[in-house]
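For reference, the structure is listed below as structure tokens.
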Number of protein chains: 2
Amino acid sequence: MNISIVAGGAGFIGSNLVVELLKKTDHSVVVVDNLSRGKINYLDKCIKKNNGRIQIINANLADKNQTLEAFRTASNQGVVVDVWHLAANSDILAGISNPEIDLSDTFMTTFTILQAMRAIGIGVLHFASSSAIYGDMGDREIGESSGPLLPISNYGAMKLASEAIISAAAELHIKRANIFRFPNVVGTPATHGVILDFIRKLKTNSKKLDVLGDGNQQKPYLHINDLVSAMLHVSSCNINEKVFPVNVGPNDNGVSVRFIADSVVRSVSPNASICFGESSKGWIGDVPQFRYSVNRLKECGWAPRFTSQQAVLTAIDEIAFQEGERTNCNER
Amino acid sequence: MNISIVAGGAGFIGSNLVVELLKKTDHSVVVVDNLSRGKINYLDKCIKKNNGRIQIINANLADKNQTLEAFRTASNQGVVVDVWHLAANSDILAGISNPEIDLSDTFMTTFTILQAMRAIGIGVLHFASSSAIYGDMGDREIGESSGPLLPISNYGAMKLASEAIISAAAELHIKRANIFRFPNVVGTPATHGVILDFIRKLKTNSKKLDVLGDGNQQKPYLHINDLVSAMLHVSSCNINEKVFPVNVGPNDNGVSVRFIADSVVRSVSPNASICFGESSKGWIGDVPQFRYSVNRLKECGWAPRFTSQQAVLTAIDEIAFQEGERTNCNER
């Protein structure tokens with residue numbers, strides 16, 4: 001039996017990826033997650049359906065020994081063909097007030113995962129990086145070779161730091177590394193992000209929505225289904241480069257925070273007024289706008305199903321349902 | 001009294017920098033070094049000459065509390081105007097067999113220094129980065145915006161990781177950061193590097209010099225005096241960018257390892273034969289050649305005194321003297 005280890009597999013992106021990985025019937029998945037932000041119940045359906053092909057190990061991936069032990073457990077059950085590393089601190093603001101959080105949860109997880117892969121001899125890594133590594137490039141279209149890389153949040157810095165050590169590991173022991181540079185990703189189970197934030201604010205006060213920043217921040221948004229589809233597509237492509245950084249995003253320049261606020265209000269609380277802030281940034285470390293070149297991804301033969309607009313509107317519906325603001329929601 | 005903290009100030013580059021910093025008579029220096037690679041006696045002359053304006057604190061800069069305490073001690077004595085961060089693991093091969101060394105000595109030192117600067121309110125950082133952050137770019141001329149950044153050693157990776165967190169810190173609390181991307185630097189007190197390595201090998205066996213790699217590796221070399229001069233020049237320039245990455249190097253495409261081997265043999269053991277290896281790389285993690293664009297440095301108004309060739313020939317003379325292979329050496 002071939003095995004994929006999914007680090008952070010109980011989180012938002014991880015739990016969606018696990019569902020898709022298990023569609024290959026000759027494949028099993030070992031989720032390693034400390035359940036600090038992820039939840040076992042995100043995987044409940046999946047466990048019911050694929051009992052025996054999914055195992056969940058509760059371990060702190062920033063801890064060397066726990067990580068090695070979890071990876072050994074996985075490798076004792078079959079051939080571990082790859083590791084998907086999706087474990088990270090997703091709370092950017094928390095990492096700004098306390099850099100130790102991003103150090104531990106975003107960077108040290110990568111460091112220990114690489115060490116465990118080296119010890120056990122696992123050669124393929126898929127890594128969830130981020131547009132945040134580019135910092136604020138203004139209105140330049142960002143390709144994978146754009147520079148200089150000057151991240152403006154510890155989150156972005158620790159993602160770039162992770163890329164750097166993955167690249168060095170590829171010189172020594174890793175055979176293949178895909179570095180997926182994610183845009184904003186939306187969908188369920190939502191654990192963080194602008195849509196969830198707006199819906200929860202409106203739940204507390206249905207008359208008024210306070211928005212961080214002036215609403216003109218403009219970024220590409222990708223639906224989680226498209227993201228997982230892109231990752232699986234690239235992972236099965238025949239690529240010459242040992243380390244392959246690739247921007248993952250929709251084929252458009254994104255939508256504004258104003259559009260998202262309007263859409264959430266229309267959807268869940270039509271009578272609310274919207275109050276914007278004055279800053280072009282939502283918070284310290286927020287990149288107010290960015291434009292992605294996704295040519296590399298296109299060259300791999302992948303195209304998204306949704307535009308940024310469709311992704312956001314679909315996710316609003318899904319997250320409203322998750323938060324009990326809907327009685328039904330189209331099952332994806 | 002204005003104070004500069006020099007982290008790693010007892011090392012090769014640090015000890016040379018300290019001499020120059022103390023030429024400003026209204027300035028004092030606090031060296032923070034764990035003396036793992038640096039040595040107090042590198043600073044002996046300097047201490048004799050500037051007694052009272054130089055203090056040495058033995059502290060492990062990878063340790064949060066020791067670093068904070070050292071920085072507090074410095075700030076209790078005057079106004080700390082800047083921090084020069086030159087502490088790092090300089091043994092690239094050691095870091096390849098054990099990544100924990102670069103993690104601790106190159107990356108965590110940066111992390112804790114940033115935290116101490118934030119706690120105390122020190123706004124200006126000068127950081128010793130490296131050409132190694134660029135990885136192997138073949139024969140492309142490398143500018144500060146070149147990408148993608150795919151380092152091939154843990155040393156390069158941890159330098160890039162350090163740049164990343166410095167950049168994020170500039171969004172939050174650092175007012176100014178100069179990121180000096182060093183080429184190969186030669187001179188004394190030599191603690192590592194190709195010239196010292198060759199001289200020591202010839203001391204052991206004066207008949208034969210074994211060279212790692214085929215000798216065709218070609219890189220720019222800068223003399224330590226030029227390096228320190230460039231850093232001081234940039235640090236006093238009026239630069240608009242909050243985070244300023246700058247390649248530091250000579251105005252040429254460097255010299256080959258073959259040239260260095262020939263020159264060392266001619267200088268210290270003229271009858272030795274030279275045996276080259278077969279690989280284009282000297283070792284795993286070695287970038288076989290690189291070409292630097294130093295336009296940015298030129299625009300700052302700085303020019304080197306030496307070419308790569310002159311730097312290497314001068315350093316051979318100096319290091320041979322250091323190693324007891326000469327009875328005299330021109331004082332710099």
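Residues in the structure tokens are numbered from 1 in each chain, the chains being A, B, ... in the order shown, and ligands are numbered from 1 in the order shown.
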Test item, strand (DSSP E) assignment across stretch 65-302 of chain A, answer as a ChimeraX atom specification | /A:79-85,124-130,141-142,176-182,184-186,208-211,218-219,221-223,243-247,255-256,273-276,291-292
At most 8 Å to chain B: residues in chain A, only C-alpha atoms, as a PDB file with C-alpha atoms, in the first residue's frame:
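Below you can see part-v6.pdb, which holds the result:
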ATOM      1  CA  ILE A  96       3.145  39.542  14.434  1.00  0.00           C
ATOM      2  CA  GLU A 144       7.996  32.701  -9.509  1.00  0.00           C
ATOM      3  CA  SER A 145      11.326  34.435 -10.236  1.00  0.00           C
ATOM      4  CA  SER A 146      10.280  37.873  -9.022  1.00  0.00           C
ATOM      5  CA  GLY A 147      12.480  39.532  -6.438  1.00  0.00           C
ATOM      6  CA  PRO A 148      13.750  40.800  -4.167  1.00  0.00           C
ATOM      7  CA  LEU A 149      11.822  38.699  -1.672  1.00  0.00           C
ATOM      8  CA  LEU A 150      11.075  41.005   1.226  1.00  0.00           C
ATOM      9  CA  PRO A 151       8.142  39.593   3.198  1.00  0.00           C
ATOM     10  CA  ILE A 152       6.322  42.003   5.503  1.00  0.00           C
ATOM     11  CA  SER A 153       4.923  39.513   8.029  1.00  0.00           C
ATOM     12  CA  ASN A 154       6.537  36.795  10.121  1.00  0.00           C
ATOM     13  CA  GLY A 156       5.541  35.247   5.033  1.00  0.00           C
ATOM     14  CA  ALA A 157       9.079  35.244   6.418  1.00  0.00           C
ATOM     15  CA  MET A 158       8.761  31.773   7.921  1.00  0.00           C
ATOM     16  CA  LEU A 160      10.205  31.851   2.753  1.00  0.00           C
ATOM     17  CA  ALA A 161      12.573  30.437   5.370  1.00  0.00           C
ATOM     18  CA  SER A 162      10.894  27.065   4.902  1.00  0.00           C
ATOM     19  CA  GLU A 163      11.309  27.250   1.128  1.00  0.00           C
ATOM     20  CA  ALA A 164      14.988  28.001   1.651  1.00  0.00           C
ATOM     21  CA  ILE A 165      15.695  24.925   3.776  1.00  0.00           C
ATOM     22  CA  SER A 167      15.760  23.934  -1.426  1.00  0.00           C
ATOM     23  CA  ALA A 168      18.956  23.126   0.478  1.00  0.00           C
ATOM     24  CA  ALA A 169      17.595  19.699   1.421  1.00  0.00           C
ATOM     25  CA  ALA A 170      16.996  18.980  -2.271  1.00  0.00           C
ATOM     26  CA  GLU A 171      20.738  19.281  -2.809  1.00  0.00           C
ATOM     27  CA  LEU A 172      21.332  16.621  -0.212  1.00  0.00           C
ATOM     28  CA  VAL A 243      12.642  22.131  -6.684  1.00  0.00           C
ATOM     29  CA  ILE A 284       0.396  45.439   9.850  1.00  0.00           C
ATOM     30  CA  GLY A 285       1.776  42.709   7.626  1.00  0.00           C
TER      31      GLY A 285
END
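Our summary of the geometry notes that atom CA of A:Leu21 is positioned 19.6 Å from atom CA of A:Val186.
Closest approach to A:Tyr292 among A:Val246, A:Leu196, A:Val228, A:Val30 is made by A:Val246 (distances from only C-alpha atoms).
The space between atom CA of A:Ala311 and atom CA of A:Asp82 spans 28.8 Å.
Across the model, the gap from atom CA of A:Asn58 to atom CA of A:Tyr42 is 14.4 Å.
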Could you please write out, as a PyMOL selection string, every residue of stretch 9-240 of chain A that DSSP assigns to alpha helix (DSSP H)?
-> chain A and resi 12-21+44-49+64-75+92-97+99-102+109-120+154-172+194-204+224-235
Fewer than 5 positions away in the same chain doesn't count, so skip those; otherwise give me all residues within 8 Å of A:Ala88, counting only C-alpha atoms, as a PyMOL selection string.
-> chain A and resi 8+102+105-107+109
Take the residues from that selection and put them in a file with N, CA and C atoms, as a PDB file, in the first residue's frame.
ATOM      1  N   GLY A   8      -0.456  18.406   9.109  1.00  0.00           N
ATOM      2  CA  GLY A   8      -1.504  19.417   9.184  1.00  0.00           C
ATOM      3  C   GLY A   8      -2.764  18.958   8.457  1.00  0.00           C
ATOM      4  N   ASP A 102       5.060  31.751  14.719  1.00  0.00           N
ATOM      5  CA  ASP A 102       5.432  31.395  13.348  1.00  0.00           C
ATOM      6  C   ASP A 102       6.733  30.602  13.325  1.00  0.00           C
ATOM      7  N   ASP A 105       5.464  26.979  14.606  1.00  0.00           N
ATOM      8  CA  ASP A 105       4.432  26.251  13.869  1.00  0.00           C
ATOM      9  C   ASP A 105       4.639  26.276  12.355  1.00  0.00           C
ATOM     10  N   THR A 106       5.320  27.299  11.851  1.00  0.00           N
ATOM     11  CA  THR A 106       5.493  27.395  10.404  1.00  0.00           C
ATOM     12  C   THR A 106       6.896  26.982   9.968  1.00  0.00           C
ATOM     13  N   PHE A 107       7.911  27.449  10.701  1.00  0.00           N
ATOM     14  CA  PHE A 107       9.285  27.135  10.277  1.00  0.00           C
ATOM     15  C   PHE A 107       9.823  25.837  10.876  1.00  0.00           C
ATOM     16  N   THR A 109       8.317  23.311  12.024  1.00  0.00           N
ATOM     17  CA  THR A 109       7.638  22.136  11.469  1.00  0.00           C
ATOM     18  C   THR A 109       8.344  21.697  10.181  1.00  0.00           C
TER      19      THR A 109
END
Exercise: B:His192 partners within 12 Å, only C-alpha atoms, chain neighbours under 3 positions left out, as a list in words =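 Result of the neighbour search: Gly11, Phe12, Ile13, Arg37, Gly38, Asn89, Ser90, Asp91, Ile92, Leu93, Asn184, Val185, Val186, Gly187, Thr188, Pro189, Ile195, Leu196, Asp197, Phe198, Ile199, Arg200 and Ile319 of chain B.
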Just the residues within 6 Å of A:Ala177, please, counting only C-alpha atoms, with nothing from its chain fewer than 3 positions along; format it as a list in words.
-> Val124, Leu125, His126 and Val243 of chain A
